[in-house]
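A.B. asks: One structure, as structure tokens, below. Some questions next.
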Amino acid sequence: LAEKLQETFRRLKSKGRLTEADVDEAMKEVRRALLAADVNFQVVKSFVARVKERAVGQDVLSSLTPAQQVIKIVREELAGLMGGTQSKLNMAPKPPTVVMMVGLHGAGKTTTAAKLANLMRKQGRRPLLVACDVYRPAAIKQLQVLGEQLDIPVFSMGDRHTPVDIARAAVEHATRQGRDLVIIDTAGRLEINEEMMAELEELKAALRPHEILLVVDAMTGQVAVNIAETFNKRLGLDGVVLTKLDGDTRGGAALSIKAVTGCPIKFVGVGEKLDALEPFHPDRMADRILGMGDVLTLIEKAQASFDAEQVARLNKKIRSADFTLDDFLEQLQEVKKLGPIQQIISMLPGLGNMKKLKELGDIDDRELVYVEAIIRSMTPWERAHPHEINGSRRRRIARGSGTSVQKVNSVLKQFEQTRKMMRQLAEMGRGGKKGARLP
Ligand code: GDP
Ligand code: MG
């Protein structure tokens, strides 16, 4: 999915301005990519419509290329689709908080119950795990083993009691023991059936849990979305845990669940180990789906710190080849606002490994101070005529800036390299052949 989208956006890069046709073309690809990733059809349809509406006719920001602008909108809408911000567990005003894990066989309920206990303990909670899967003795044993590994208590009463009795006793036990979080592992089935739902409803009525978490397997794609919808209609879910996101999943379920059911994904399982559970961040998932997290960060930074007019002026200069040392200085200062230079360079797709950029990357942040001092020690005429700076001028500049002739030489060399590279980048940007333009 990420690859296809990147290809689409790469094509957009050559465009100078966003027209409806450009956006239509790009969104056709986005639509295809989302459907291929097993995202619900209705979700895709309304998603594409929303992005289009926002993208067409919007003022193109000077600091972003049209492609970046579309990416930015797609990213925001993707994150919005998944709930926008991170959703936390509902906590009881008066402890213990009771969490009920529900879901089908093999979804990862038991494992996730243990992982959640582990995660919440790190946040200062005192969890109690409760074995309510009375149909499979092995399930009780499984939870006990996990609890032992984590050194977290597991409450069980074997398989001769009803889940309601066990859960009630567990909550009482937790209250007595000062445990503020009760996580109940329930019995699943191979598929949704009346018996399981009735059981869970009964448990819900008896316990009044603060949180009903549905555990679904991300690898089942669209099926996971249907399961979530059915459980939500019957039980009313507070959140979803999407497991096995570490596998070769297409991620479509993550995109559709919130949009289809209205229930946020609260956690994701990313491995078999007991620390492989993470709070779900819609924006990060959007990045992952787009496969270009770093680029997006860069876009945001550029947007936040660049003076758009100044950049436009610089761009023009670079192209017209009368790029002077004054411009170089101005540009270095703009770049400085973005953060460490090495980091910026590594964020640029396809440019990070260009040899020329590696050389530019040798300028580290400490060196920026020298560069500035050296350029400031030049006369305006020298700044406009770097090729005319001879040996005696270099010595004077070195003295004036408190540096050395070698430093002056290296700054002039870097300037020359930058000028060449800028010209190449400008050409690449115009031709849209490969790589991105410098912001
Ligand atoms: P339950 O039947 O719903 O209780 O499912 P289990 O908790 O027993 O999990 C079923 C299988 O899925 C086990 O082998 C788990 O180790 C595995 N599993 C659960 N969550 C994840 C996950 O996030 N990633 C991976 N790779 N495996 C998981
Ligand atoms: Mg289980």
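Residues in the structure tokens are numbered from 1 in each chain, the chains being A, B, ... in the order shown, and ligands are numbered from 1 in the order shown.
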For A:Leu34, list every protein, DNA or RNA residue within 9 Å, evaluated using only C-alpha atoms, and leave out those in the same chain fewer than 5 positions away; present the list as a PyMOL selection string.
C.D. replies: chain A and resi 1+29+39-41+44+252
A.B. asks: Next, dump the selected residues to file, keeping only C-alpha atoms, as a PDB file, in the first residue's frame.
C.D. replies:
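Contents of out_8.pdb, freshly written:
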```pdb
ATOM      1  CA  LEU A   1       0.000   0.000   0.000  1.00  0.00           C
ATOM      2  CA  GLU A  29      -4.764   5.815  -7.223  1.00  0.00           C
ATOM      3  CA  VAL A  39     -10.488  -1.010   3.402  1.00  0.00           C
ATOM      4  CA  ASN A  40     -14.270  -0.970   3.499  1.00  0.00           C
ATOM      5  CA  PHE A  41     -15.753   0.312   0.237  1.00  0.00           C
ATOM      6  CA  VAL A  44     -13.018   4.609   0.844  1.00  0.00           C
ATOM      7  CA  GLY A 252      -7.208  -2.085   6.065  1.00  0.00           C
TER       8      GLY A 252
END
```
A.B. asks: Neighbours of ligand 1 within 10 Å, counting only C-alpha atoms and all ligand atoms, as a VMD selection string?
C.D. replies: chain A and resid 101 to 115 133 136 138 to 140 142 to 143 185 to 190 214 to 219 241 to 248 267 to 278
A.B. asks: Applying 12 Å and only C-alpha atoms, which residues near A:Glu202 remain after dropping the ones on its own chain fewer than 6 positions away? List them as a list of chain:residue names.
C.D. replies: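 Residues meeting the cut-off are A:Thr162, A:Pro163, A:Val164, A:Asp165, A:Ala167, A:Arg168, A:Thr186, A:Glu195, A:Met196, A:Arg208, A:Pro209, A:Arg234, A:Leu235.
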A.B. asks: Would you please work out which residue, of A:Cys132, A:Ala206, A:Cys263, A:Leu81, is nearest to ligand 2 when using only C-alpha atoms and all ligand atoms?
C.D. replies: A:Cys132
A.B. asks: May I ask which of the residues A:Lys204, A:Lys94, A:Arg395, A:Lys258 is the closest one to A:Gly178, counting only C-alpha atoms?
C.D. replies: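 Nearest to A:Gly178: A:Lys94.
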A.B. asks: Write out as a VMD selection string the set of residues from stretch 79-237 of chain A that DSSP, computed on the backbone, places in helix (DSSP H, G or I).
C.D. replies: chain A and resid 79 to 81 109 to 122 137 to 150 163 to 177 194 to 207 218 to 220 222 to 235
A.B. asks: Within 12 Å of stretch 152-154 of chain A, counting only C-alpha atoms, which residues show up once you throw out same-chain ones fewer than 6 positions away? Write them as a PyMOL selection string, please.
C.D. replies: chain A and resi 110+113-122+125-132+140-146+166-167+170+173-174+177+179+181-185
A.B. asks: Save the residues we just selected, N, CA and C atoms, as a compact mmCIF listing (two decimals), in the first residue's frame?
C.D. replies:
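So part-v2.txt came out as:
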```txt
# COMPACT_ATOMS: atom_id res chain seq x y z
N THR A 110 -6.55 -13.67 25.52
CA THR A 110 -5.79 -14.05 26.71
C THR A 110 -4.43 -13.36 26.73
N ALA A 113 -4.90 -9.66 27.34
CA ALA A 113 -5.23 -9.38 28.74
C ALA A 113 -3.94 -9.25 29.55
N ALA A 114 -3.03 -10.20 29.35
CA ALA A 114 -1.76 -10.19 30.08
C ALA A 114 -0.90 -8.99 29.66
N LYS A 115 -0.85 -8.73 28.35
CA LYS A 115 -0.07 -7.58 27.86
C LYS A 115 -0.61 -6.27 28.43
N LEU A 116 -1.94 -6.17 28.48
CA LEU A 116 -2.56 -4.95 28.99
C LEU A 116 -2.24 -4.75 30.47
N ALA A 117 -2.29 -5.86 31.20
CA ALA A 117 -1.95 -5.79 32.63
C ALA A 117 -0.51 -5.29 32.79
N ASN A 118 0.35 -5.81 31.96
CA ASN A 118 1.77 -5.43 31.99
C ASN A 118 1.94 -3.94 31.68
N LEU A 119 1.27 -3.50 30.64
CA LEU A 119 1.36 -2.09 30.22
C LEU A 119 0.83 -1.15 31.29
N MET A 120 -0.32 -1.52 31.86
CA MET A 120 -0.94 -0.65 32.85
C MET A 120 -0.15 -0.63 34.17
N ARG A 121 0.49 -1.73 34.46
CA ARG A 121 1.32 -1.74 35.66
C ARG A 121 2.47 -0.75 35.50
N LYS A 122 3.01 -0.68 34.27
CA LYS A 122 4.08 0.30 34.01
C LYS A 122 3.58 1.71 34.24
N ARG A 125 -0.58 1.23 37.70
CA ARG A 125 -1.79 0.53 38.16
C ARG A 125 -1.41 -0.79 38.83
N ARG A 126 -2.39 -1.31 39.59
CA ARG A 126 -2.20 -2.61 40.24
C ARG A 126 -3.23 -3.58 39.68
N PRO A 127 -2.86 -4.26 38.59
CA PRO A 127 -3.86 -5.10 37.90
C PRO A 127 -4.08 -6.47 38.54
N LEU A 128 -5.27 -6.99 38.29
CA LEU A 128 -5.60 -8.38 38.64
C LEU A 128 -6.18 -9.02 37.38
N LEU A 129 -5.62 -10.15 36.98
CA LEU A 129 -6.13 -10.87 35.82
C LEU A 129 -7.15 -11.89 36.28
N VAL A 130 -8.23 -12.05 35.51
CA VAL A 130 -9.29 -12.97 35.91
C VAL A 130 -9.58 -13.98 34.80
N ALA A 131 -9.51 -15.26 35.14
CA ALA A 131 -9.73 -16.33 34.15
C ALA A 131 -11.20 -16.72 34.11
N CYS A 132 -11.91 -16.22 33.12
CA CYS A 132 -13.34 -16.55 32.99
C CYS A 132 -13.65 -17.40 31.78
N ILE A 140 -7.40 -21.34 31.12
CA ILE A 140 -7.14 -20.88 32.49
C ILE A 140 -5.65 -21.03 32.80
N LYS A 141 -5.14 -22.19 32.41
CA LYS A 141 -3.72 -22.47 32.62
C LYS A 141 -2.86 -21.43 31.88
N GLN A 142 -3.27 -21.13 30.65
CA GLN A 142 -2.53 -20.17 29.82
C GLN A 142 -2.41 -18.82 30.52
N LEU A 143 -3.52 -18.36 31.08
CA LEU A 143 -3.50 -17.05 31.75
C LEU A 143 -2.64 -17.11 33.00
N GLN A 144 -2.72 -18.24 33.70
CA GLN A 144 -1.90 -18.39 34.92
C GLN A 144 -0.41 -18.34 34.60
N VAL A 145 -0.05 -19.01 33.52
CA VAL A 145 1.37 -19.02 33.12
C VAL A 145 1.83 -17.59 32.77
N LEU A 146 0.98 -16.90 32.02
CA LEU A 146 1.34 -15.52 31.63
C LEU A 146 1.46 -14.63 32.87
N ILE A 166 -17.52 -16.10 38.94
CA ILE A 166 -16.06 -15.90 39.04
C ILE A 166 -15.73 -14.41 39.00
N ALA A 167 -16.32 -13.73 38.05
CA ALA A 167 -16.00 -12.31 37.87
C ALA A 167 -16.41 -11.50 39.11
N ALA A 170 -14.03 -12.08 41.77
CA ALA A 170 -12.75 -11.45 41.44
C ALA A 170 -12.77 -9.96 41.79
N HIS A 173 -12.46 -9.61 45.44
CA HIS A 173 -11.08 -9.93 45.80
C HIS A 173 -10.18 -8.73 45.53
N ALA A 174 -10.36 -8.13 44.37
CA ALA A 174 -9.54 -6.97 43.97
C ALA A 174 -9.73 -5.82 44.96
N GLN A 177 -7.93 -6.55 48.11
CA GLN A 177 -6.47 -6.57 47.96
C GLN A 177 -5.90 -5.24 47.46
N ARG A 179 -6.39 -3.90 44.59
CA ARG A 179 -6.07 -3.96 43.15
C ARG A 179 -7.02 -2.98 42.43
N LEU A 181 -7.30 -2.39 39.07
CA LEU A 181 -7.66 -2.69 37.68
C LEU A 181 -7.92 -4.18 37.53
N VAL A 182 -9.15 -4.52 37.16
CA VAL A 182 -9.52 -5.93 37.00
C VAL A 182 -9.70 -6.21 35.51
N ILE A 183 -8.90 -7.14 35.00
CA ILE A 183 -8.96 -7.45 33.56
C ILE A 183 -9.51 -8.86 33.39
N ILE A 184 -10.68 -8.95 32.78
CA ILE A 184 -11.37 -10.23 32.70
C ILE A 184 -11.22 -10.87 31.33
N ASP A 185 -10.64 -12.04 31.31
CA ASP A 185 -10.49 -12.81 30.07
C ASP A 185 -11.72 -13.69 29.92
```
A.B. asks: What's the separation between atom CA of A:Arg32 and atom CA of A:Asn232, in Å to one decimal place?
C.D. replies: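 Between atom CA of A:Arg32 and atom CA of A:Asn232 the gap is 28.6 Å.
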A.B. asks: Looking at A:Glu372, A:Gln149, A:Ala253, A:Val134, which one is nearest to ligand 2, with distances taken over only C-alpha atoms and all ligand atoms?
C.D. replies: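 Comparing A:Glu372, A:Gln149, A:Ala253, A:Val134 against ligand 2, the winner is A:Val134.
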A.B. asks: If you run DSSP on this backbone, which residues of stretch 130-209 of chain A come out as strand (DSSP E or B), and could you give them as a PyMOL selection string?
C.D. replies: chain A and resi 130-131+154-155+157+159+181-185
A.B. asks: Name all residues at most 12 Å from A:Ala384 (count only C-alpha atoms; drop same-chain ones fewer than 2 positions away) and give them as a PyMOL selection string.
C.D. replies: chain A and resi 321-329+375+378-382+386-389
A.B. asks: Kindly export the residues of the current selection with C-alpha atoms, as a PDB file, in the first residue's frame.
C.D. replies:
```
ATOM      1  CA  ALA A 321      21.935  30.986 -10.947  1.00  0.00           C
ATOM      2  CA  ASP A 322      22.842  34.316  -9.348  1.00  0.00           C
ATOM      3  CA  PHE A 323      22.884  32.564  -6.018  1.00  0.00           C
ATOM      4  CA  THR A 324      25.307  34.513  -3.866  1.00  0.00           C
ATOM      5  CA  LEU A 325      26.957  33.954  -0.545  1.00  0.00           C
ATOM      6  CA  ASP A 326      24.379  36.246   0.992  1.00  0.00           C
ATOM      7  CA  ASP A 327      21.676  33.898  -0.229  1.00  0.00           C
ATOM      8  CA  PHE A 328      23.702  30.987   1.049  1.00  0.00           C
ATOM      9  CA  LEU A 329      23.779  32.560   4.475  1.00  0.00           C
ATOM     10  CA  ILE A 375      30.356  35.179   5.448  1.00  0.00           C
ATOM     11  CA  MET A 378      33.161  39.440   3.764  1.00  0.00           C
ATOM     12  CA  THR A 379      32.372  42.686   2.037  1.00  0.00           C
ATOM     13  CA  PRO A 380      29.121  42.858   0.040  1.00  0.00           C
ATOM     14  CA  TRP A 381      31.198  42.850  -3.144  1.00  0.00           C
ATOM     15  CA  GLU A 382      32.972  39.670  -2.060  1.00  0.00           C
ATOM     16  CA  PRO A 386      32.908  34.536  -4.476  1.00  0.00           C
ATOM     17  CA  HIS A 387      35.206  33.558  -7.353  1.00  0.00           C
ATOM     18  CA  GLU A 388      37.192  36.756  -6.958  1.00  0.00           C
ATOM     19  CA  ILE A 389      38.132  36.095  -3.336  1.00  0.00           C
TER      20      ILE A 389
END
```
A.B. asks: Identify which of the residues A:Arg31, A:Phe280, A:Met91, A:Tyr135 lies closest to ligand 2, counting only C-alpha atoms and all ligand atoms when measuring atom-to-atom distances.
C.D. replies: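 Between A:Arg31, A:Phe280, A:Met91, A:Tyr135, the residue approaching ligand 2 most closely is A:Tyr135.
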A.B. asks: Find the residue from A:Ala33, A:Glu20, A:Val74, A:Pro137 that sits nearest to ligand 2; use only C-alpha atoms and all ligand atoms when measuring.
C.D. replies: A:Pro137
A.B. asks: At what distance in Å, to one decimal, does atom CA of A:Pro95 lie from atom CA of A:His210?
C.D. replies: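 Result for atom CA of A:His210 versus atom CA of A:Pro95: 10.3 Å, one decimal.
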A.B. asks: Quick one: distance from atom CA of A:Gly262 to atom CA of A:Lys233 in Å, one decimal?
C.D. replies: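 Computing the Euclidean distance for atom CA of A:Gly262 and atom CA of A:Lys233 yields 10.8 Å.
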A.B. asks: Near A:Val405, within 10 Å and counting only C-alpha atoms, which residues show up once chain neighbours fewer than 6 positions away are dropped, as JSON, numbers by chain?
C.D. replies: {"A": [391, 392, 393, 394, 395, 396, 397, 398, 399, 411]}
